[in-house]
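Right, one structure below, let's go through it.
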Amino acid sequence: METARSSDDDIEPTAADDDAPLGAGDTAPPPRPGWRRWVMDTRPLRHRPFRRLWSSTTVTAIGSQLTAVAVPKQIYDITGSSAWVGYASFAGLLPLVVFALWGGVVADRMDRRTLMLVTNVGIAITSVLFWAQSFAGLDSVALLMVLLAVQQGFFGMNSPARSASVARLVPADELPAAGALQSTVAQTGMILGPLLAGALIPVLGLPALYLIDAVALCVTLWAVWRLPALPPLTEGATGGARRGGWRDVADGFRYIAAHRILLMSFLADIIAMVFGMPRALFPQLAAHTYAPWGEGFALGLLFAAIPLGAVAGGLLSGTFSRARRHGLMVIAAVVAWGVAITGFGFSLNLWWAVAFLALAGVADMVSMVFRGTILQAAATDDMRGRMQGVFTVVVAGGPRIADLLHGTAGSLLGARAAVAAGGLLVAVGTLGLAVAVPAFRRYTP
């Protein structure tokens, strides 16, 4: 299978010296001494284009979470119904899925920097409209759902282009480190964003959250504007820019089916998320199993534990980001996720439950890093956008299917039994994949 690139020469240079990639004749830096080998590998930040992309992600990781908190809060304030909050979530899912798949095709057919600029403008405009309707006190759930659907559509278009650009900005051997840097920022935003939102709402009011997100997106626009051009590398991709239709989406799925390494990476993620993501049962567990610790306190800890573990894993990513057996790392991480979720299901003590969820978060970080690296390295550049589009759909859709599955199983079996059974299914299913496809566990880029 053709890898994403054969040398560092494919990295897009810019005018400044430190924008240029390591030359093909340069040798890799020696292992870092002492404690530094354990902490996050920051080599990708030496490349100015990636540094700009990463810095924009750092700003918007928190800003986007402000809107993610504000929309359900405003809908609940208007309706007093959690059901409407759920309906709004699903209203954003369909455009996210559709436009992520189509956006992957477009990202393979046009300059990815241009696509990121256009879609970021669209996201910023919707954030301003969110602010305007809230400031005006329109109290229209229908308008909120339309704006959410539009914004998720723009995000679906933006995400494949952003993710597929990374392999053009850093050397191939730094892709795991780049993935760890981006994933750590995203997980940190999931922790700090809601906390900041909770602190700001009583002080500045709900409309301010939308406005802060819009301002943060202006920083993103500036950073993306300063990136080098990222046009398709092959003439065929450029010639196909006029198509960009659903036939090209189907081509992406056929490409996945024909490349077992890519297919296995998606299947591993689907198994982990569908059977092993128990967040739908957190309220039930907090209200019953962990009620002695206080329902609200327990619920907050349960939701925060996985992101906290993921951030810890990212900060210590030097322990794994230089590993060469990427397929084996995915298998080991997903099995560890399943075992940790099983331990969570058996935990009667809240602190043991949080510890197991945090370990699951570490495993999820490792899995995310190497699954993302496989998508960057094992796919050719003219298919990389479509692979990232499918990845976005899997990441967004898997937990929602898990919510339905775990909610139903929790009602039938009880919450703890449903969680433990799901974790065991993850471990057994992933080991089955490893046995069935030896090439995946032996895969190195």
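Each chain of the structure tokens is named A, B, ... in the order shown, its residues numbered from 1; ligands are numbered from 1 in display order.
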
Please report as a tab-separated table every residue of region 284-333 of chain A lying within 10 Å of region 179-193 of chain A, along with the nearest atom pair and their distance in Å (one decimal), using only C-alpha atoms.
residue	atom	partner	partner_atom	distance
A:Phe303	CA	A:Ile191	CA	9.3
A:Ala304	CA	A:Ile191	CA	6.7
A:Ala305	CA	A:Ile191	CA	9.5
A:Ile306	CA	A:Gln187	CA	9.0
A:Pro307	CA	A:Gln187	CA	5.4
A:Leu308	CA	A:Ile191	CA	7.3
A:Gly309	CA	A:Gln187	CA	9.2
A:Ala310	CA	A:Gln187	CA	6.6
A:Val311	CA	A:Thr184	CA	5.2
A:Ala312	CA	A:Thr184	CA	8.3
A:Gly313	CA	A:Thr184	CA	8.1
A:Gly314	CA	A:Thr184	CA	5.1
A:Leu315	CA	A:Thr184	CA	7.4
A:Leu316	CA	A:Ala180	CA	9.5
A:Ser317	CA	A:Ala180	CA	6.6
A:Gly318	CA	A:Ala180	CA	9.2
A:Phe320	CA	A:Ala180	CA	9.8
A:Ser321	CA	A:Ala180	CA	7.5

Write out as CSV the residues of region 200-302 of chain A that have any atom within 10 Å of an atom of region 61-67 of chain A, one row each with the nearest atom pair and its distance in Å to one decimal, counting only C-alpha atoms, sorted by chain and then rising number.
residue,atom,partner,partner_atom,distance
A:Leu200,CA,A:Leu66,CA,9.5
A:Ile201,CA,A:Leu66,CA,9.9
A:Leu206,CA,A:Thr67,CA,9.5
A:Pro207,CA,A:Thr67,CA,9.6
A:Ala208,CA,A:Leu66,CA,9.3
A:Leu209,CA,A:Leu66,CA,5.5
A:Tyr210,CA,A:Thr67,CA,5.7
A:Leu211,CA,A:Thr67,CA,9.1
A:Ile212,CA,A:Gly63,CA,6.6
A:Asp213,CA,A:Gly63,CA,4.4
A:Ala214,CA,A:Gly63,CA,7.9
A:Val215,CA,A:Gly63,CA,8.5
A:Ala216,CA,A:Gly63,CA,6.1
A:Leu217,CA,A:Gly63,CA,7.9

Just to be explicit: take each residue in the selection above, keep C-alpha atoms, and write the result as a PDB file, in the first residue's frame.
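Written file, result_1.pdb:
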ATOM      1  CA  LEU A 200     -19.632  33.197  32.974  1.00  0.00           C
ATOM      2  CA  ILE A 201     -23.394  32.681  32.660  1.00  0.00           C
ATOM      3  CA  LEU A 206     -25.983  33.549  28.112  1.00  0.00           C
ATOM      4  CA  PRO A 207     -25.549  35.782  24.992  1.00  0.00           C
ATOM      5  CA  ALA A 208     -21.931  36.484  25.963  1.00  0.00           C
ATOM      6  CA  LEU A 209     -20.990  32.822  25.473  1.00  0.00           C
ATOM      7  CA  TYR A 210     -21.982  32.993  21.806  1.00  0.00           C
ATOM      8  CA  LEU A 211     -20.120  36.266  21.340  1.00  0.00           C
ATOM      9  CA  ILE A 212     -16.908  34.932  22.915  1.00  0.00           C
ATOM     10  CA  ASP A 213     -17.061  31.931  20.570  1.00  0.00           C
ATOM     11  CA  ALA A 214     -17.446  34.257  17.587  1.00  0.00           C
ATOM     12  CA  VAL A 215     -14.400  36.294  18.656  1.00  0.00           C
ATOM     13  CA  ALA A 216     -12.365  33.123  19.126  1.00  0.00           C
ATOM     14  CA  LEU A 217     -13.250  32.099  15.580  1.00  0.00           C
TER      15      LEU A 217
END

- Query: Could you state the separation of CA of Arg442 (chain A) and CA of Ile270 (chain A) in Å, given to one decimal place?
  - Reply: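 That distance, rounded to one decimal, is 20.4 Å.
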
- From the list A:Val69, A:Ala100, A:Val437, A:Ile271, which residue is nearest Ala197 (chain A) when using only C-alpha atoms?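 The shortest atom-to-atom distance to Ala197 (chain A) comes from A:Val69.
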
- Message: Which residues are near Val249 (chain A)? Cut-off 12 Å, only C-alpha atoms, ignore same chain within fewer than 4 positions. Put them as a PyMOL selection string.
- Response: chain A and resi 97-109+243-245+253-256+383+385-390

Go ahead and dump the residues you just picked, N, CA and C atoms, as a PDB file, in the first residue's frame.
ATOM      1  N   VAL A  97     -23.309  14.600   9.637  1.00  0.00           N
ATOM      2  CA  VAL A  97     -22.964  13.383   8.898  1.00  0.00           C
ATOM      3  C   VAL A  97     -22.890  13.658   7.400  1.00  0.00           C
ATOM      4  N   VAL A  98     -23.919  14.304   6.873  1.00  0.00           N
ATOM      5  CA  VAL A  98     -23.983  14.534   5.421  1.00  0.00           C
ATOM      6  C   VAL A  98     -22.832  15.412   4.958  1.00  0.00           C
ATOM      7  N   PHE A  99     -22.602  16.521   5.646  1.00  0.00           N
ATOM      8  CA  PHE A  99     -21.591  17.461   5.188  1.00  0.00           C
ATOM      9  C   PHE A  99     -20.175  17.018   5.540  1.00  0.00           C
ATOM     10  N   ALA A 100     -20.009  16.166   6.537  1.00  0.00           N
ATOM     11  CA  ALA A 100     -18.681  15.611   6.784  1.00  0.00           C
ATOM     12  C   ALA A 100     -18.277  14.681   5.644  1.00  0.00           C
ATOM     13  N   LEU A 101     -19.217  13.857   5.169  1.00  0.00           N
ATOM     14  CA  LEU A 101     -18.915  12.962   4.049  1.00  0.00           C
ATOM     15  C   LEU A 101     -18.652  13.766   2.777  1.00  0.00           C
ATOM     16  N   TRP A 102     -19.513  14.735   2.499  1.00  0.00           N
ATOM     17  CA  TRP A 102     -19.303  15.549   1.300  1.00  0.00           C
ATOM     18  C   TRP A 102     -18.075  16.442   1.451  1.00  0.00           C
ATOM     19  N   GLY A 103     -17.870  16.971   2.659  1.00  0.00           N
ATOM     20  CA  GLY A 103     -16.700  17.817   2.895  1.00  0.00           C
ATOM     21  C   GLY A 103     -15.407  17.066   2.701  1.00  0.00           C
ATOM     22  N   GLY A 104     -15.395  15.763   3.005  1.00  0.00           N
ATOM     23  CA  GLY A 104     -14.206  14.965   2.744  1.00  0.00           C
ATOM     24  C   GLY A 104     -13.872  14.909   1.265  1.00  0.00           C
ATOM     25  N   VAL A 105     -14.902  14.799   0.440  1.00  0.00           N
ATOM     26  CA  VAL A 105     -14.687  14.803  -1.016  1.00  0.00           C
ATOM     27  C   VAL A 105     -14.144  16.153  -1.465  1.00  0.00           C
ATOM     28  N   VAL A 106     -14.765  17.226  -0.998  1.00  0.00           N
ATOM     29  CA  VAL A 106     -14.338  18.570  -1.402  1.00  0.00           C
ATOM     30  C   VAL A 106     -12.902  18.829  -0.946  1.00  0.00           C
ATOM     31  N   ALA A 107     -12.547  18.335   0.242  1.00  0.00           N
ATOM     32  CA  ALA A 107     -11.189  18.527   0.751  1.00  0.00           C
ATOM     33  C   ALA A 107     -10.152  17.818  -0.111  1.00  0.00           C
ATOM     34  N   ASP A 108     -10.572  16.792  -0.835  1.00  0.00           N
ATOM     35  CA  ASP A 108      -9.667  16.098  -1.747  1.00  0.00           C
ATOM     36  C   ASP A 108      -9.628  16.743  -3.122  1.00  0.00           C
ATOM     37  N   ARG A 109     -10.542  17.675  -3.393  1.00  0.00           N
ATOM     38  CA  ARG A 109     -10.667  18.239  -4.739  1.00  0.00           C
ATOM     39  C   ARG A 109     -10.253  19.702  -4.836  1.00  0.00           C
ATOM     40  N   ARG A 243     -16.320  17.672  -9.995  1.00  0.00           N
ATOM     41  CA  ARG A 243     -17.310  16.676  -9.605  1.00  0.00           C
ATOM     42  C   ARG A 243     -17.690  16.878  -8.142  1.00  0.00           C
ATOM     43  N   GLY A 244     -16.912  16.288  -7.248  1.00  0.00           N
ATOM     44  CA  GLY A 244     -17.177  16.465  -5.826  1.00  0.00           C
ATOM     45  C   GLY A 244     -18.571  16.014  -5.419  1.00  0.00           C
ATOM     46  N   GLY A 245     -19.107  14.975  -6.101  1.00  0.00           N
ATOM     47  CA  GLY A 245     -20.450  14.523  -5.806  1.00  0.00           C
ATOM     48  C   GLY A 245     -20.457  13.259  -4.976  1.00  0.00           C
ATOM     49  N   PHE A 253     -15.765   5.064   0.379  1.00  0.00           N
ATOM     50  CA  PHE A 253     -16.121   3.843   1.098  1.00  0.00           C
ATOM     51  C   PHE A 253     -15.529   2.605   0.425  1.00  0.00           C
ATOM     52  N   ARG A 254     -15.493   2.606  -0.910  1.00  0.00           N
ATOM     53  CA  ARG A 254     -14.860   1.475  -1.608  1.00  0.00           C
ATOM     54  C   ARG A 254     -13.368   1.425  -1.310  1.00  0.00           C
ATOM     55  N   TYR A 255     -12.752   2.574  -1.184  1.00  0.00           N
ATOM     56  CA  TYR A 255     -11.330   2.647  -0.845  1.00  0.00           C
ATOM     57  C   TYR A 255     -11.089   2.043   0.541  1.00  0.00           C
ATOM     58  N   ILE A 256     -11.967   2.368   1.482  1.00  0.00           N
ATOM     59  CA  ILE A 256     -11.834   1.795   2.831  1.00  0.00           C
ATOM     60  C   ILE A 256     -11.985   0.284   2.788  1.00  0.00           C
ATOM     61  N   MET A 383      -7.146  10.823  -1.147  1.00  0.00           N
ATOM     62  CA  MET A 383      -8.228  10.162  -0.427  1.00  0.00           C
ATOM     63  C   MET A 383      -8.298  10.588   1.034  1.00  0.00           C
ATOM     64  N   GLY A 385      -8.916  13.359   2.646  1.00  0.00           N
ATOM     65  CA  GLY A 385     -10.069  14.140   3.084  1.00  0.00           C
ATOM     66  C   GLY A 385     -11.284  13.260   3.306  1.00  0.00           C
ATOM     67  N   ARG A 386     -11.526  12.325   2.376  1.00  0.00           N
ATOM     68  CA  ARG A 386     -12.669  11.430   2.531  1.00  0.00           C
ATOM     69  C   ARG A 386     -12.511  10.526   3.746  1.00  0.00           C
ATOM     70  N   MET A 387     -11.287  10.078   4.006  1.00  0.00           N
ATOM     71  CA  MET A 387     -11.064   9.245   5.188  1.00  0.00           C
ATOM     72  C   MET A 387     -11.379  10.034   6.462  1.00  0.00           C
ATOM     73  N   GLN A 388     -10.988  11.308   6.487  1.00  0.00           N
ATOM     74  CA  GLN A 388     -11.272  12.135   7.653  1.00  0.00           C
ATOM     75  C   GLN A 388     -12.759  12.443   7.771  1.00  0.00           C
ATOM     76  N   GLY A 389     -13.453  12.536   6.633  1.00  0.00           N
ATOM     77  CA  GLY A 389     -14.900  12.730   6.677  1.00  0.00           C
ATOM     78  C   GLY A 389     -15.603  11.544   7.309  1.00  0.00           C
ATOM     79  N   VAL A 390     -15.214  10.331   6.898  1.00  0.00           N
ATOM     80  CA  VAL A 390     -15.792   9.127   7.510  1.00  0.00           C
ATOM     81  C   VAL A 390     -15.427   9.063   8.992  1.00  0.00           C
TER      82      VAL A 390
END

Each region 279-315 of chain A residue no farther than 12 Å from region 330-351 of chain A, nearest pair in Å, only C-alpha atoms, as a tab-separated table:
residue	atom	partner	partner_atom	distance
A:Arg279	CA	A:Ile341	CA	11.0
A:Leu281	CA	A:Gly345	CA	10.4
A:Phe282	CA	A:Gly345	CA	10.9
A:Leu285	CA	A:Leu350	CA	9.7
A:Ala286	CA	A:Leu350	CA	9.0
A:Ala287	CA	A:Leu350	CA	11.9
A:His288	CA	A:Leu348	CA	10.5
A:Thr289	CA	A:Leu348	CA	6.7
A:Tyr290	CA	A:Leu350	CA	6.0
A:Ala291	CA	A:Leu350	CA	9.3
A:Pro292	CA	A:Leu350	CA	9.2
A:Trp293	CA	A:Leu350	CA	7.5
A:Gly294	CA	A:Leu350	CA	10.2
A:Glu295	CA	A:Leu350	CA	10.9
A:Phe297	CA	A:Leu350	CA	10.2
A:Ala298	CA	A:Leu350	CA	7.2
A:Leu299	CA	A:Leu350	CA	10.1
A:Gly300	CA	A:Leu350	CA	11.5
A:Leu301	CA	A:Leu350	CA	8.7
A:Leu302	CA	A:Leu350	CA	8.6
A:Ala305	CA	A:Trp351	CA	10.2
A:Ile306	CA	A:Ile341	CA	10.4
A:Gly309	CA	A:Trp337	CA	11.4
A:Ala310	CA	A:Trp337	CA	11.4
A:Gly313	CA	A:Ala333	CA	11.5

- Compile the contact shell of Arg322 (chain A) as a ChimeraX atom specification: residues with an atom at most 9 Å away, counting only C-alpha atoms, same-chain residues fewer than 6 positions apart removed. /A:41,173-174,176-177

Write the selection just made, keeping N, CA, C and O atoms, as a PDB file, in the first residue's frame?
ATOM      1  N   ASP A  41       5.512  15.009  23.371  1.00  0.00           N
ATOM      2  CA  ASP A  41       6.470  15.252  22.298  1.00  0.00           C
ATOM      3  C   ASP A  41       6.011  16.485  21.520  1.00  0.00           C
ATOM      4  O   ASP A  41       4.972  16.457  20.848  1.00  0.00           O
ATOM      5  N   ASP A 173       7.176  10.876  10.574  1.00  0.00           N
ATOM      6  CA  ASP A 173       7.488  10.273  11.873  1.00  0.00           C
ATOM      7  C   ASP A 173       6.959  11.101  13.050  1.00  0.00           C
ATOM      8  O   ASP A 173       6.970  10.631  14.188  1.00  0.00           O
ATOM      9  N   GLU A 174       6.473  12.316  12.777  1.00  0.00           N
ATOM     10  CA  GLU A 174       5.934  13.165  13.842  1.00  0.00           C
ATOM     11  C   GLU A 174       4.407  13.164  13.882  1.00  0.00           C
ATOM     12  O   GLU A 174       3.804  13.868  14.689  1.00  0.00           O
ATOM     13  N   PRO A 176       2.196  10.851  14.976  1.00  0.00           N
ATOM     14  CA  PRO A 176       1.602  10.521  16.276  1.00  0.00           C
ATOM     15  C   PRO A 176       1.711  11.661  17.288  1.00  0.00           C
ATOM     16  O   PRO A 176       0.764  11.929  18.038  1.00  0.00           O
ATOM     17  N   ALA A 177       2.853  12.342  17.319  1.00  0.00           N
ATOM     18  CA  ALA A 177       3.023  13.463  18.241  1.00  0.00           C
ATOM     19  C   ALA A 177       2.056  14.598  17.897  1.00  0.00           C
ATOM     20  O   ALA A 177       1.473  15.222  18.790  1.00  0.00           O
TER      21      ALA A 177
END

- Taking the chain letters and numbering used in this document, name the residues of region 35-143 of chain A that DSSP puts in alpha helix (DSSP H), as a VMD selection string. chain A and resid 48 to 79 82 to 109 112 to 136 141 to 143

How would the residues just picked look written out with C-alpha atoms as a CSV table (one decimal), in the first residue's frame?
chain,number,residue,atom,x,y,z
A,48,ARG,CA,5.3,27.1,11.8
A,49,PRO,CA,2.4,26.0,9.6
A,50,PHE,CA,1.4,23.2,12.0
A,51,ARG,CA,2.0,25.6,15.0
A,52,ARG,CA,-0.5,28.0,13.5
A,53,LEU,CA,-3.1,25.3,12.9
A,54,TRP,CA,-2.6,23.9,16.4
A,55,SER,CA,-2.8,27.4,18.0
A,56,SER,CA,-6.1,28.0,16.2
A,57,THR,CA,-7.4,24.7,17.6
A,58,THR,CA,-6.3,25.7,21.1
A,59,VAL,CA,-8.4,28.8,21.0
A,60,THR,CA,-11.6,27.3,19.4
A,61,ALA,CA,-11.5,24.2,21.6
A,62,ILE,CA,-12.7,26.2,24.5
A,63,GLY,CA,-14.8,28.7,22.5
A,64,SER,CA,-16.8,25.9,20.7
A,65,GLN,CA,-17.6,24.4,24.1
A,66,LEU,CA,-19.2,27.6,25.2
A,67,THR,CA,-21.7,27.3,22.4
A,68,ALA,CA,-22.1,23.6,23.1
A,69,VAL,CA,-23.2,24.5,26.6
A,70,ALA,CA,-25.2,27.6,25.7
A,71,VAL,CA,-27.5,26.0,23.1
A,72,PRO,CA,-28.9,23.2,25.3
A,73,LYS,CA,-29.1,25.7,28.2
A,74,GLN,CA,-31.1,28.1,26.2
A,75,ILE,CA,-33.4,25.4,24.8
A,76,TYR,CA,-34.1,24.1,28.3
A,77,ASP,CA,-34.7,27.6,29.6
A,78,ILE,CA,-37.3,28.1,26.8
A,79,THR,CA,-39.0,24.7,27.0
A,82,SER,CA,-34.8,17.7,28.4
A,83,ALA,CA,-36.6,16.0,25.5
A,84,TRP,CA,-36.2,19.1,23.4
A,85,VAL,CA,-32.6,19.3,24.3
A,86,GLY,CA,-32.2,15.7,22.9
A,87,TYR,CA,-34.2,16.6,19.8
A,88,ALA,CA,-31.9,19.6,19.1
A,89,SER,CA,-28.9,17.3,19.4
A,90,PHE,CA,-30.3,15.0,16.7
A,91,ALA,CA,-31.2,18.0,14.6
A,92,GLY,CA,-27.5,18.7,14.4
A,93,LEU,CA,-26.4,15.1,13.7
A,94,LEU,CA,-27.9,14.7,10.2
A,95,PRO,CA,-26.2,17.8,8.7
A,96,LEU,CA,-22.9,16.9,10.5
A,97,VAL,CA,-23.0,13.4,8.9
A,98,VAL,CA,-24.0,14.5,5.4
A,99,PHE,CA,-21.6,17.5,5.2
A,100,ALA,CA,-18.7,15.6,6.8
A,101,LEU,CA,-18.9,13.0,4.0
A,102,TRP,CA,-19.3,15.5,1.3
A,103,GLY,CA,-16.7,17.8,2.9
A,104,GLY,CA,-14.2,15.0,2.7
A,105,VAL,CA,-14.7,14.8,-1.0
A,106,VAL,CA,-14.3,18.6,-1.4
A,107,ALA,CA,-11.2,18.5,0.8
A,108,ASP,CA,-9.7,16.1,-1.7
A,109,ARG,CA,-10.7,18.2,-4.7
A,112,ARG,CA,-7.8,22.7,1.9
A,113,ARG,CA,-6.7,26.1,3.2
A,114,THR,CA,-9.4,27.8,1.1
A,115,LEU,CA,-12.0,25.3,2.3
A,116,MET,CA,-11.1,25.9,6.0
A,117,LEU,CA,-11.3,29.7,5.5
A,118,VAL,CA,-14.8,29.4,3.9
A,119,THR,CA,-16.2,27.1,6.5
A,120,ASN,CA,-14.7,29.0,9.4
A,121,VAL,CA,-16.4,32.1,8.1
A,122,GLY,CA,-19.7,30.2,8.0
A,123,ILE,CA,-19.2,28.9,11.6
A,124,ALA,CA,-18.4,32.4,12.8
A,125,ILE,CA,-21.5,33.9,11.1
A,126,THR,CA,-23.7,31.3,12.8
A,127,SER,CA,-22.1,32.1,16.2
A,128,VAL,CA,-22.9,35.8,15.6
A,129,LEU,CA,-26.5,34.9,14.7
A,130,PHE,CA,-26.7,32.7,17.9
A,131,TRP,CA,-25.7,35.8,19.8
A,132,ALA,CA,-28.1,38.1,18.0
A,133,GLN,CA,-31.2,35.9,18.7
A,134,SER,CA,-30.2,35.4,22.3
A,135,PHE,CA,-29.5,39.1,22.8
A,136,ALA,CA,-32.9,40.0,21.2
A,141,VAL,CA,-36.5,26.8,19.6
A,142,ALA,CA,-37.1,26.3,15.9
A,143,LEU,CA,-34.6,29.1,15.1
